[in-house]
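What follows is the content of query33.pdb, which has PDB, C-alpha atoms:
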ATOM      1  CA  MET P   1       0.000   0.000   0.000
ATOM      2  CA  ILE P   2       1.142   3.540  -0.751
ATOM      3  CA  SER P   3       1.722   5.559   2.395
ATOM      4  CA  LEU P   4      -0.183   8.782   3.107
ATOM      5  CA  LEU P   5       3.017  10.809   2.730
ATOM      6  CA  ALA P   6       3.709   9.267  -0.680
ATOM      7  CA  ARG P   7       0.165   9.999  -1.860
ATOM      8  CA  ARG P   8       0.441  13.619  -0.776
ATOM      9  CA  GLY P   9       3.806  13.900  -2.493
ATOM     10  CA  LEU P  10       2.299  12.512  -5.687
ATOM     11  CA  LEU P  11      -0.524  15.064  -5.567
ATOM     12  CA  LEU P  12       1.967  17.892  -5.043
ATOM     13  CA  LEU P  13       4.028  16.649  -7.999
ATOM     14  CA  CYS P  14       0.942  16.614 -10.231
ATOM     15  CA  ALA P  15       0.052  20.151  -9.096
ATOM     16  CA  ALA P  16       3.610  21.325  -9.826
ATOM     17  CA  LEU P  17       3.517  19.812 -13.305
ATOM     18  CA  LEU P  18       0.146  21.404 -14.072
ATOM     19  CA  ALA P  19       1.486  24.781 -12.921
ATOM     20  CA  GLY P  20       3.777  24.766 -15.945
ATOM     21  CA  CYS P  21       0.928  24.334 -18.435
ATOM     22  CA  ASP P  22       0.334  27.163 -20.899
ATOM     23  CA  THR P  23      -3.360  28.037 -20.638
ATOM     24  CA  ILE P  24      -3.273  30.691 -23.368
ATOM     25  CA  VAL P  25      -6.288  29.140 -25.127
ATOM     26  CA  LEU P  26      -8.422  29.719 -22.015
ATOM     27  CA  ASN P  27      -6.754  33.020 -21.133
ATOM     28  CA  PRO P  28      -6.073  34.776 -24.462
ATOM     29  CA  SER P  29      -5.328  38.415 -25.228
ATOM     30  CA  GLY P  30      -7.560  38.950 -28.262
ATOM     31  CA  ASP P  31     -11.320  39.445 -28.276
ATOM     32  CA  ILE P  32     -12.067  36.728 -30.844
ATOM     33  CA  ALA P  33      -9.984  34.183 -28.942
ATOM     34  CA  ALA P  34     -11.650  35.304 -25.685
ATOM     35  CA  GLN P  35     -15.101  34.639 -27.142
ATOM     36  CA  GLN P  36     -13.931  31.247 -28.387
ATOM     37  CA  SER P  37     -12.560  30.504 -24.917
ATOM     38  CA  LYS P  38     -15.931  31.281 -23.334
ATOM     39  CA  LEU P  39     -17.603  29.031 -25.901
ATOM     40  CA  ILE P  40     -15.331  26.150 -24.890
ATOM     41  CA  VAL P  41     -16.052  26.694 -21.184
ATOM     42  CA  VAL P  42     -19.833  27.031 -21.590
ATOM     43  CA  SER P  43     -20.034  23.985 -23.892
ATOM     44  CA  THR P  44     -17.990  21.915 -21.442
ATOM     45  CA  LEU P  45     -20.174  22.941 -18.492
ATOM     46  CA  LEU P  46     -23.351  22.112 -20.401
ATOM     47  CA  MET P  47     -22.029  18.640 -21.224
ATOM     48  CA  LEU P  48     -20.897  18.118 -17.622
ATOM     49  CA  LEU P  49     -24.526  18.602 -16.545
ATOM     50  CA  ILE P  50     -25.090  15.142 -18.027
ATOM     51  CA  ILE P  51     -21.681  13.540 -17.582
ATOM     52  CA  ILE P  52     -21.269  14.197 -13.838
ATOM     53  CA  PRO P  53     -24.700  12.830 -12.785
ATOM     54  CA  VAL P  54     -24.189   9.749 -14.973
ATOM     55  CA  ILE P  55     -20.786   9.038 -13.373
ATOM     56  CA  LEU P  56     -22.153   9.592  -9.840
ATOM     57  CA  LEU P  57     -25.235   7.433 -10.467
ATOM     58  CA  THR P  58     -23.052   4.687 -11.943
ATOM     59  CA  LEU P  59     -20.965   4.609  -8.772
ATOM     60  CA  PHE P  60     -24.084   4.833  -6.596
ATOM     61  CA  PHE P  61     -25.840   1.909  -8.292
ATOM     62  CA  ALA P  62     -22.664  -0.184  -8.246
ATOM     63  CA  TRP P  63     -22.385   0.397  -4.488
ATOM     64  CA  ARG P  64     -26.097   0.242  -3.708
ATOM     65  CA  TYR P  65     -26.755  -3.041  -5.510
ATOM     66  CA  ARG P  66     -23.508  -4.815  -4.748
ATOM     67  CA  GLN P  67     -23.813  -8.496  -4.032
ATOM     68  CA  SER P  68     -23.102  -8.166  -0.308
ATOM     69  CA  ASN P  69     -25.888  -5.609   0.255
ATOM     70  CA  THR P  70     -28.847  -7.785   1.195
ATOM     71  CA  THR P  71     -30.996  -4.808   2.279
ATOM     72  CA  ALA P  72     -31.322  -3.383  -1.239
ATOM     73  CA  LYS P  73     -34.756  -3.976  -2.765
ATOM     74  CA  TYR P  74     -34.735  -6.622  -5.482
ATOM     75  CA  ASP P  75     -37.585  -6.395  -8.002
ATOM     76  CA  PRO P  76     -37.075  -8.732 -10.983
ATOM     77  CA  GLU P  77     -40.496  -7.822 -12.416
ATOM     78  CA  TRP P  78     -39.697  -4.081 -12.803
ATOM     79  CA  ASP P  79     -39.442  -2.960 -16.434
ATOM     80  CA  HIS P  80     -40.701   0.626 -16.808
ATOM     81  CA  SER P  81     -40.812   4.060 -15.154
ATOM     82  CA  THR P  82     -42.364   7.025 -16.944
ATOM     83  CA  MET P  83     -40.581   9.495 -14.694
ATOM     84  CA  LEU P  84     -37.221   7.805 -15.261
ATOM     85  CA  GLU P  85     -37.783   7.769 -19.035
ATOM     86  CA  LEU P  86     -38.555  11.502 -19.009
ATOM     87  CA  ILE P  87     -35.361  12.229 -17.104
ATOM     88  CA  ILE P  88     -33.178   9.913 -19.234
ATOM     89  CA  TRP P  89     -34.396  11.345 -22.548
ATOM     90  CA  GLY P  90     -35.519  14.854 -21.582
ATOM     91  CA  ALA P  91     -32.342  16.108 -19.914
ATOM     92  CA  PRO P  92     -29.962  15.183 -22.789
ATOM     93  CA  LEU P  93     -32.457  16.595 -25.306
ATOM     94  CA  LEU P  94     -32.503  19.946 -23.508
ATOM     95  CA  ILE P  95     -28.693  19.984 -23.405
ATOM     96  CA  ILE P  96     -28.494  19.223 -27.138
ATOM     97  CA  ILE P  97     -30.983  22.022 -27.905
ATOM     98  CA  ALA P  98     -28.943  24.465 -25.797
ATOM     99  CA  LEU P  99     -25.682  23.386 -27.472
ATOM    100  CA  GLY P 100     -27.301  23.675 -30.900
ATOM    101  CA  MET P 101     -28.470  27.240 -30.236
ATOM    102  CA  LEU P 102     -25.063  28.153 -28.822
ATOM    103  CA  THR P 103     -23.288  26.654 -31.835
ATOM    104  CA  TRP P 104     -25.572  28.407 -34.340
ATOM    105  CA  ILE P 105     -25.149  31.833 -32.734
ATOM    106  CA  SER P 106     -21.390  31.462 -32.200
ATOM    107  CA  THR P 107     -20.756  30.129 -35.709
ATOM    108  CA  HIS P 108     -22.148  33.315 -37.236
ATOM    109  CA  THR P 109     -20.804  35.696 -34.581
ATOM    110  CA  LEU P 110     -17.265  34.301 -34.794
ATOM    111  CA  ASP P 111     -17.174  33.818 -38.570
ATOM    112  CA  PRO P 112     -13.537  34.703 -39.468
ATOM    113  CA  TYR P 113     -14.726  36.457 -42.651
ATOM    114  CA  ARG P 114     -17.062  38.728 -40.688
ATOM    115  CA  LYS P 115     -15.867  42.270 -40.044
ATOM    116  CA  LEU P 116     -15.330  43.064 -36.379
ATOM    117  CA  SER P 117     -18.027  45.036 -34.573
ATOM    118  CA  ARG P 118     -16.153  45.602 -31.314
ATOM    119  CA  LEU P 119     -12.692  45.826 -29.770
ATOM    120  CA  ASP P 120     -13.753  43.839 -26.715
ATOM    121  CA  GLU P 121     -16.911  43.206 -24.696
ATOM    122  CA  ASN P 122     -16.848  46.741 -23.288
ATOM    123  CA  ARG P 123     -15.734  48.801 -26.288
ATOM    124  CA  ALA P 124     -17.088  49.272 -29.781
ATOM    125  CA  ILE P 125     -14.836  50.060 -32.732
ATOM    126  CA  PRO P 126     -14.611  53.838 -33.333
ATOM    127  CA  ALA P 127     -16.259  54.877 -36.583
ATOM    128  CA  ALA P 128     -13.071  56.283 -38.126
ATOM    129  CA  THR P 129     -10.966  53.171 -37.402
ATOM    130  CA  LYS P 130      -9.406  51.565 -40.467
ATOM    131  CA  PRO P 131      -8.340  47.892 -40.232
ATOM    132  CA  LEU P 132      -4.704  46.985 -40.751
ATOM    133  CA  VAL P 133      -4.344  44.678 -43.758
ATOM    134  CA  VAL P 134      -1.814  41.849 -43.528
ATOM    135  CA  GLU P 135      -1.276  39.402 -46.383
ATOM    136  CA  VAL P 136      -0.056  36.022 -45.158
ATOM    137  CA  VAL P 137       1.684  33.360 -47.252
ATOM    138  CA  ALA P 138       2.487  29.911 -45.862
ATOM    139  CA  LEU P 139       5.788  28.814 -47.423
ATOM    140  CA  ASP P 140       7.919  25.683 -46.966
ATOM    141  CA  TRP P 141       8.661  25.995 -44.025
ATOM    142  CA  LYS P 142       8.285  29.606 -42.972
ATOM    143  CA  TRP P 143       5.714  32.386 -42.859
ATOM    144  CA  LEU P 144       5.709  35.472 -45.066
ATOM    145  CA  PHE P 145       3.773  38.529 -43.856
ATOM    146  CA  ILE P 146       3.203  41.385 -46.303
ATOM    147  CA  TYR P 147       1.953  44.796 -45.166
ATOM    148  CA  PRO P 148       0.641  46.273 -48.451
ATOM    149  CA  GLU P 149      -0.327  49.669 -47.016
ATOM    150  CA  GLN P 150       3.038  50.094 -45.281
ATOM    151  CA  GLY P 151       5.024  48.638 -48.183
ATOM    152  CA  VAL P 152       7.079  46.256 -46.029
ATOM    153  CA  ALA P 153       7.227  42.490 -45.432
ATOM    154  CA  THR P 154       8.659  40.093 -42.880
ATOM    155  CA  VAL P 155       9.590  36.450 -42.603
ATOM    156  CA  ASN P 156       8.660  34.678 -39.342
ATOM    157  CA  GLU P 157       7.651  37.839 -37.498
ATOM    158  CA  LEU P 158       4.219  39.434 -37.176
ATOM    159  CA  VAL P 159       3.627  42.819 -35.545
ATOM    160  CA  THR P 160       0.280  44.593 -35.116
ATOM    161  CA  PRO P 161      -0.877  47.534 -32.988
ATOM    162  CA  VAL P 162      -3.040  46.927 -29.917
ATOM    163  CA  ASP P 163      -6.778  47.649 -30.216
ATOM    164  CA  VAL P 164      -6.626  48.003 -34.000
ATOM    165  CA  PRO P 165      -8.686  45.538 -36.105
ATOM    166  CA  VAL P 166      -6.524  43.397 -38.383
ATOM    167  CA  SER P 167      -7.732  41.930 -41.658
ATOM    168  CA  PHE P 168      -5.647  38.901 -42.628
ATOM    169  CA  LYS P 169      -5.646  37.638 -46.242
ATOM    170  CA  ILE P 170      -4.207  34.129 -46.180
ATOM    171  CA  THR P 171      -2.890  31.790 -48.864
ATOM    172  CA  ALA P 172      -0.124  29.212 -49.357
ATOM    173  CA  SER P 173       2.609  28.538 -51.896
ATOM    174  CA  THR P 174       2.453  24.736 -52.136
ATOM    175  CA  TYR P 175       1.045  22.530 -49.391
ATOM    176  CA  MET P 176      -2.146  23.167 -47.476
ATOM    177  CA  ASN P 177      -1.284  24.730 -44.136
ATOM    178  CA  SER P 178      -2.909  26.365 -41.120
ATOM    179  CA  LEU P 179      -2.171  29.684 -39.402
ATOM    180  CA  TYR P 180      -2.693  29.562 -35.642
ATOM    181  CA  ILE P 181      -2.046  32.277 -33.057
ATOM    182  CA  PRO P 182      -3.788  31.001 -29.890
ATOM    183  CA  ALA P 183      -3.734  34.381 -28.144
ATOM    184  CA  LEU P 184      -5.408  36.092 -31.123
ATOM    185  CA  ALA P 185      -7.975  33.736 -32.699
ATOM    186  CA  GLY P 186      -8.603  30.186 -33.869
ATOM    187  CA  GLN P 187      -6.651  28.495 -36.635
ATOM    188  CA  ILE P 188      -7.367  29.371 -40.268
ATOM    189  CA  TYR P 189      -6.351  27.165 -43.176
ATOM    190  CA  ALA P 190      -4.052  28.381 -45.938
ATOM    191  CA  MET P 191      -4.387  26.779 -49.371
ATOM    192  CA  PRO P 192      -2.506  27.402 -52.630
ATOM    193  CA  GLY P 193      -4.540  29.191 -55.268
ATOM    194  CA  MET P 194      -7.193  30.130 -52.708
ATOM    195  CA  GLN P 195      -7.635  32.923 -50.182
ATOM    196  CA  THR P 196      -9.053  32.597 -46.693
ATOM    197  CA  GLU P 197      -9.610  35.490 -44.327
ATOM    198  CA  LEU P 198      -9.415  36.269 -40.634
ATOM    199  CA  ASN P 199     -10.591  39.398 -38.856
ATOM    200  CA  ALA P 200      -9.221  39.765 -35.348
ATOM    201  CA  VAL P 201      -7.815  42.219 -32.802
ATOM    202  CA  ILE P 202      -5.208  41.959 -30.044
ATOM    203  CA  ASN P 203      -6.133  43.774 -26.835
ATOM    204  CA  LYS P 204      -2.964  43.441 -24.754
ATOM    205  CA  ALA P 205       0.597  44.344 -25.618
ATOM    206  CA  GLY P 206       2.950  41.396 -25.445
ATOM    207  CA  THR P 207       4.833  38.657 -27.244
ATOM    208  CA  TYR P 208       2.877  35.618 -28.367
ATOM    209  CA  ASP P 209       3.520  32.383 -30.254
ATOM    210  CA  GLY P 210       2.269  31.617 -33.727
ATOM    211  CA  PHE P 211       2.759  28.404 -35.640
ATOM    212  CA  SER P 212       1.510  26.012 -38.263
ATOM    213  CA  ALA P 213      -1.288  23.757 -37.018
ATOM    214  CA  ASN P 214      -1.365  21.491 -40.076
ATOM    215  CA  TYR P 215       1.393  18.980 -40.834
ATOM    216  CA  SER P 216       3.146  19.960 -44.054
ATOM    217  CA  GLY P 217       6.390  18.025 -44.241
ATOM    218  CA  ALA P 218       9.935  17.903 -42.922
ATOM    219  CA  GLY P 219      10.118  21.463 -41.549
ATOM    220  CA  PHE P 220       6.654  21.538 -39.976
ATOM    221  CA  SER P 221       7.849  21.489 -36.359
ATOM    222  CA  ASP P 222      10.063  24.550 -36.944
ATOM    223  CA  MET P 223       7.376  26.541 -38.779
ATOM    224  CA  ARG P 224       6.914  28.939 -35.879
ATOM    225  CA  PHE P 225       7.030  32.704 -35.456
ATOM    226  CA  LYS P 226       6.610  35.425 -32.841
ATOM    227  CA  PHE P 227       3.595  37.706 -32.831
ATOM    228  CA  TYR P 228       4.086  41.096 -31.172
ATOM    229  CA  GLY P 229       1.243  43.294 -29.980
ATOM    230  CA  LYS P 230       2.573  46.854 -29.700
ATOM    231  CA  SER P 231       1.241  50.321 -29.014
ATOM    232  CA  ARG P 232       0.501  52.474 -32.056
ATOM    233  CA  ALA P 233       3.681  54.507 -31.558
ATOM    234  CA  GLU P 234       5.782  51.339 -31.196
ATOM    235  CA  PHE P 235       4.175  49.850 -34.298
ATOM    236  CA  ASP P 236       4.927  52.972 -36.348
ATOM    237  CA  ALA P 237       8.539  52.845 -35.135
ATOM    238  CA  TRP P 238       8.749  49.177 -36.115
ATOM    239  CA  VAL P 239       7.407  49.951 -39.614
ATOM    240  CA  GLN P 240      10.046  52.653 -40.000
ATOM    241  CA  SER P 241      12.786  50.237 -38.937
ATOM    242  CA  ALA P 242      11.490  47.720 -41.485
ATOM    243  CA  LYS P 243      11.552  50.405 -44.193
ATOM    244  CA  ASN P 244      15.190  51.038 -43.358
ATOM    245  CA  SER P 245      16.063  47.457 -44.289
ATOM    246  CA  LYS P 246      18.138  47.148 -47.431
ATOM    247  CA  LEU P 247      16.340  43.967 -48.457
ATOM    248  CA  SER P 248      13.607  44.191 -51.083
ATOM    249  CA  LEU P 249      11.067  41.574 -52.089
ATOM    250  CA  ASN P 250      10.316  41.399 -55.787
ATOM    251  CA  ARG P 251       9.207  38.396 -57.828
ATOM    252  CA  ALA P 252      12.714  37.064 -58.372
ATOM    253  CA  ASP P 253      13.494  37.354 -54.659
ATOM    254  CA  TYR P 254      10.241  35.614 -53.792
ATOM    255  CA  LEU P 255      11.036  32.658 -56.050
ATOM    256  CA  GLU P 256      14.261  32.199 -54.069
ATOM    257  CA  LEU P 257      12.461  32.626 -50.744
ATOM    258  CA  GLU P 258       9.808  30.108 -51.805
ATOM    259  CA  LYS P 259      12.350  27.281 -51.988
ATOM    260  CA  PRO P 260      12.005  24.814 -49.067
ATOM    261  CA  SER P 261      14.132  25.720 -46.061
ATOM    262  CA  ILE P 262      14.080  25.044 -42.325
ATOM    263  CA  LYS P 263      14.679  27.236 -39.245
ATOM    264  CA  ASN P 264      14.653  30.523 -41.111
ATOM    265  CA  PRO P 265      15.692  33.597 -39.112
ATOM    266  CA  VAL P 266      13.517  36.705 -38.943
ATOM    267  CA  ARG P 267      13.917  38.838 -42.046
ATOM    268  CA  LEU P 268      12.622  42.360 -42.771
ATOM    269  CA  TYR P 269      12.044  43.703 -46.292
ATOM    270  CA  GLY P 270      12.090  47.464 -46.760
ATOM    271  CA  SER P 271      10.113  47.316 -49.991
ATOM    272  CA  VAL P 272       7.719  44.861 -51.652
ATOM    273  CA  ASP P 273       6.283  44.638 -55.147
ATOM    274  CA  SER P 274       2.729  45.978 -54.880
ATOM    275  CA  ASP P 275       1.234  43.093 -56.865
ATOM    276  CA  LEU P 276       3.310  40.275 -55.341
ATOM    277  CA  TYR P 277       0.552  38.817 -53.161
ATOM    278  CA  HIS P 278      -1.866  38.862 -56.103
ATOM    279  CA  ALA P 279       0.702  36.961 -58.172
ATOM    280  CA  ILE P 280       1.273  34.415 -55.375
ATOM    281  CA  LEU P 281      -2.447  33.881 -54.904
ATOM    282  CA  ASN P 282      -3.055  33.472 -58.633
ATOM    283  CA  ARG P 283      -0.010  31.273 -59.253
ATOM    284  CA  CYS P 284       1.745  33.591 -61.682
ATOM    285  CA  VAL P 285       4.915  34.771 -59.924
ATOM    286  CA  GLY P 286       7.247  33.219 -62.459
ATOM    287  CA  PRO P 287       7.873  34.645 -65.940
ATOM    288  CA  ASP P 288       5.446  33.776 -68.758
ATOM    289  CA  GLN P 289       2.796  32.506 -66.328
ATOM    290  CA  VAL P 290      -0.826  33.511 -66.807
ATOM    291  CA  CYS P 291      -2.624  34.495 -63.596
ATOM    292  CA  MET P 292      -5.452  32.176 -62.594
ATOM    293  CA  ASP P 293      -8.015  34.956 -62.192
ATOM    294  CA  LYS P 294      -7.312  36.240 -65.714
ATOM    295  CA  LEU P 295      -7.280  32.712 -67.114
ATOM    296  CA  MET P 296     -10.604  31.825 -65.502
ATOM    297  CA  SER P 297     -12.141  35.107 -66.615
ATOM    298  CA  THR P 298     -11.087  34.360 -70.186
ATOM    299  CA  ASP P 299     -12.334  30.814 -69.859
ATOM    300  CA  MET P 300     -15.768  32.015 -68.765
ATOM    301  CA  ASN P 301     -16.182  34.743 -71.367
ATOM    302  CA  VAL P 302     -14.657  33.243 -74.518
ATOM    303  CA  LYS P 303     -16.819  30.884 -76.555
ATOM    304  CA  PRO P 304     -15.536  27.294 -76.210
ATOM    305  CA  GLU P 305     -14.058  25.636 -79.279
ATOM    306  CA  GLN P 306     -14.986  22.266 -80.741
ATOM    307  CA  SER P 307     -12.241  19.678 -80.520
ATOM    308  CA  ALA P 308     -11.496  17.102 -83.203
ATOM    309  CA  ARG P 309     -13.584  14.565 -81.319
ATOM    310  CA  GLY P 310     -16.547  16.941 -81.131
ATOM    311  CA  LYS P 311     -16.165  17.647 -77.435
ATOM    312  CA  VAL P 312     -16.243  21.177 -76.084
ATOM    313  CA  VAL P 313     -12.795  22.316 -74.944
ATOM    314  CA  SER P 314     -12.504  25.457 -72.813
ATOM    315  CA  ILE P 315      -9.671  27.960 -72.929
ATOM    316  CA  LEU P 316      -8.595  26.843 -69.453
ATOM    317  CA  ALA P 317      -8.459  23.209 -70.536
ATOM    318  CA  GLN P 318      -6.509  24.137 -73.679
ATOM    319  CA  ASN P 319      -3.996  26.024 -71.552
ATOM    320  CA  GLN P 320      -3.409  22.926 -69.465
ATOM    321  CA  GLN P 321      -2.986  20.472 -72.352
ATOM    322  CA  PRO P 322       0.198  21.460 -74.221
ATOM    323  CA  GLY P 323       3.399  19.885 -73.015
ATOM    324  CA  LEU P 324       1.825  17.785 -70.261
ATOM    325  CA  THR P 325       4.186  15.096 -69.037
ATOM    326  CA  GLY P 326       4.070  12.657 -66.166
ATOM    327  CA  GLU P 327       5.861  13.662 -63.009
ATOM    328  CA  VAL P 328       7.445  11.526 -60.331
ATOM    329  CA  CYS P 329       6.688  12.653 -56.763
ATOM    330  CA  THR P 330       9.988  13.411 -55.040
ATOM    331  CA  THR P 331      10.974  15.314 -51.918
ATOM    332  CA  PRO P 332      12.274  18.782 -52.892
ATOM    333  CA  PRO P 333      15.746  19.767 -51.724
ATOM    334  CA  VAL P 334      15.745  21.460 -48.329
ATOM    335  CA  THR P 335      18.143  24.095 -47.067
ATOM    336  CA  ASN P 336      18.725  25.285 -43.537
ATOM    337  CA  GLY P 337      17.619  28.883 -43.113
ATOM    338  CA  LYS P 338      20.321  29.683 -40.585
TER
END

How does this structure look as structure tokens?
Amino acid sequence: MISLLARRGLLLLCAALLAGCDTIVLNPSGDIAAQQSKLIVVSTLLMLLIIIPVILLTLFFAWRYRQSNTTAKYDPEWDHSTMLELIIWGAPLLIIIALGMLTWISTHTLDPYRKLSRLDENRAIPAATKPLVVEVVALDWKWLFIYPEQGVATVNELVTPVDVPVSFKITASTYMNSLYIPALAGQIYAMPGMQTELNAVINKAGTYDGFSANYSGAGFSDMRFKFYGKSRAEFDAWVQSAKNSKLSLNRADYLELEKPSIKNPVRLYGSVDSDLYHAILNRCVGPDQVCMDKLMSTDMNVKPEQSARGKVVSILAQNQQPGLTGEVCTTPPVTNGK
């Protein structure tokens, strides 16, 4: 048998280990993440209204009707109780209805594409406030953040001002990925040739972790970055320091940056091609590539041609046919970003 002292020591050890847990998901610094945190707590409590009584009743019945208890009433002819049926079916049904209403309301309220209506639960967004636009590209295996209005870009570093709405435009270069900053909001997927969006705001100055939440290959575990929430004055100073960088990001530079690499250091670009994100999103960064949006627009508006076999062939399909050859799936060469 374990002694009382050993049991107490074990409990203290467990408490010490739990003290080191990062509870940022339940104690975030952004309003969207805070609302999501409350949703998790409320949903858990609603489910515990069923789970806890079931566990307690299971233990009670096991103890009450144990073999050695000869005083417990034994009724082999019992087979129905209207009151018991109402409790067994009614209580879970009410919980499911409550969870359904909560899910419906929260799904629309916390839609990442929806423009923010408040800074936090006590403050609305001032009428003259303009959101900060950040264009995000998931690369192998690093993050590229483009600030189109400021004309700068960064690798593996994200900075936004406190209490200013941020509109993220998110895409990827190759593999499907997922942007996740627990202190700010829930994860949002990044897919090549597609754009997802996230509207969020950080309410407390500080340094937070951001990372990829979707496995994407060899460098996945090192696909992390720091997110800094700064005051407006500090953010403006940071933008100016980025502008002072001698590095520039044009299409040729991006094609080099896009190559797979691991453990890339933070990099600041003092200037960025204004249409670079559009080219990344529409898969036309390289020379002699037609942008997908233009290609699809042409495909929709130009009358299809008849092929030799009598089948209708669209402009988009024609563009994909010439020079098609089979490809062997291989792992691309990887460099260390250090």

### Query
If you measure from atom CA of Ile52 of chain P to atom CA of Thr103 of chain P, what distance in Å do you get, rounded to one decimal?
22.0 Å

### Message
Which residues are near segment 143-145 of chain P? Cut-off 7 Å, all atoms listed in the file, ignore same chain within fewer than 3 positions. Put them as a PyMOL selection string.
### Response
chain P and resi 134-139+153-156+158

### Task
Please identify all polymer residues within 9 Å of segment 190-197 of chain P, counting all atoms listed in the file, omitting same-chain residues fewer than 6 positions from it, and present them as a ChimeraX atom specification.
/P:112-114,136-138,167-179,280-283,292

Would you compute an axis-aligned box for segment 197-212 of chain P, covering every atom listed for it in the file with 8 Å of margin on each side, and report centre and edge lengths in Å to one decimal as JSON?
{"center_x": -2.9, "center_y": 35.2, "center_z": -34.5, "size_x": 31.4, "size_y": 34.3, "size_z": 35.6}

#### Entry: Å distance separating atom CA of Tyr180 of chain P from atom CA of Asp275 of chain P, one decimal place
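The value is 25.5 Å.
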
### Message
From the options P:Thr71, P:Trp63, P:Pro92, P:Met101, which residue's atoms come nearest to Leu48 of chain P, counting all atoms listed in the file?
### Response
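Answer, going by the shortest atom-to-atom distance: P:Pro92.
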
### Message
The residues within 12 Å of (9.6, 49.4, -47.5), using all atoms listed in the file and the coordinates of the file, should be reported as a PyMOL selection string; which are they?
### Response
chain P and resi 146-154+238-250+268-274

### Reference answer for the PyMOL selection byres ((chain P and resi 231) around 9), as a PyMOL selection string
chain P and resi 160-163+205+229-230+232-236

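One finds atom CA of Leu57 of chain P at 16.9 Å from atom CA of Gly90 of chain P.
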
### Message
As a check of understanding, name the residues that the PyMOL selection byres ((chain P and resi 257) around 10) selects in the supplied structure, as a ChimeraX atom specification.
### Response
/P:139-140,142,144,155,249,251-256,258-261,337

### Message
Report as a list of chain:residue names all protein, DNA and RNA residues lying within 12 Å of Leu110 of chain P, evaluated on all atoms listed in the file, omitting residues in the same chain fewer than 2 positions from it.
### Response
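So, after excluding close chain neighbours, the residues are P:Asp31, P:Ile32, P:Ala33, P:Ala34, P:Gln35, P:Gln36, P:Ser37, P:Lys38, P:Leu39, P:Leu102, P:Thr103, P:Trp104, P:Ile105, P:Ser106, P:Thr107, P:His108, P:Pro112, P:Tyr113, P:Arg114, P:Lys115, P:Leu116, P:Ser117, P:Arg118, P:Ala185, P:Gly186, P:Leu198, P:Asn199, P:Ala200.
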
#### Entry: For Ile24 of chain P: contacts at 7 Å, only C-alpha atoms, fewer than 2 positions along chain excluded, given as number ranges by chain
P: 22, 26-28, 182-183

With C-alpha atoms retained, export the selected residues as a PDB file, in the frame of the given file.
ATOM      1  CA  ASP P  22       0.334  27.163 -20.899  1.00  0.00           C
ATOM      2  CA  LEU P  26      -8.422  29.719 -22.015  1.00  0.00           C
ATOM      3  CA  ASN P  27      -6.754  33.020 -21.133  1.00  0.00           C
ATOM      4  CA  PRO P  28      -6.073  34.776 -24.462  1.00  0.00           C
ATOM      5  CA  PRO P 182      -3.788  31.001 -29.890  1.00  0.00           C
ATOM      6  CA  ALA P 183      -3.734  34.381 -28.144  1.00  0.00           C
TER       7      ALA P 183
END

### Task
Choose the residue, out of P:Val290, P:Leu93, P:Ala98, P:Val164, that has the smallest atom-to-atom separation from Ile125 of chain P; count all atoms listed in the file.
P:Val164
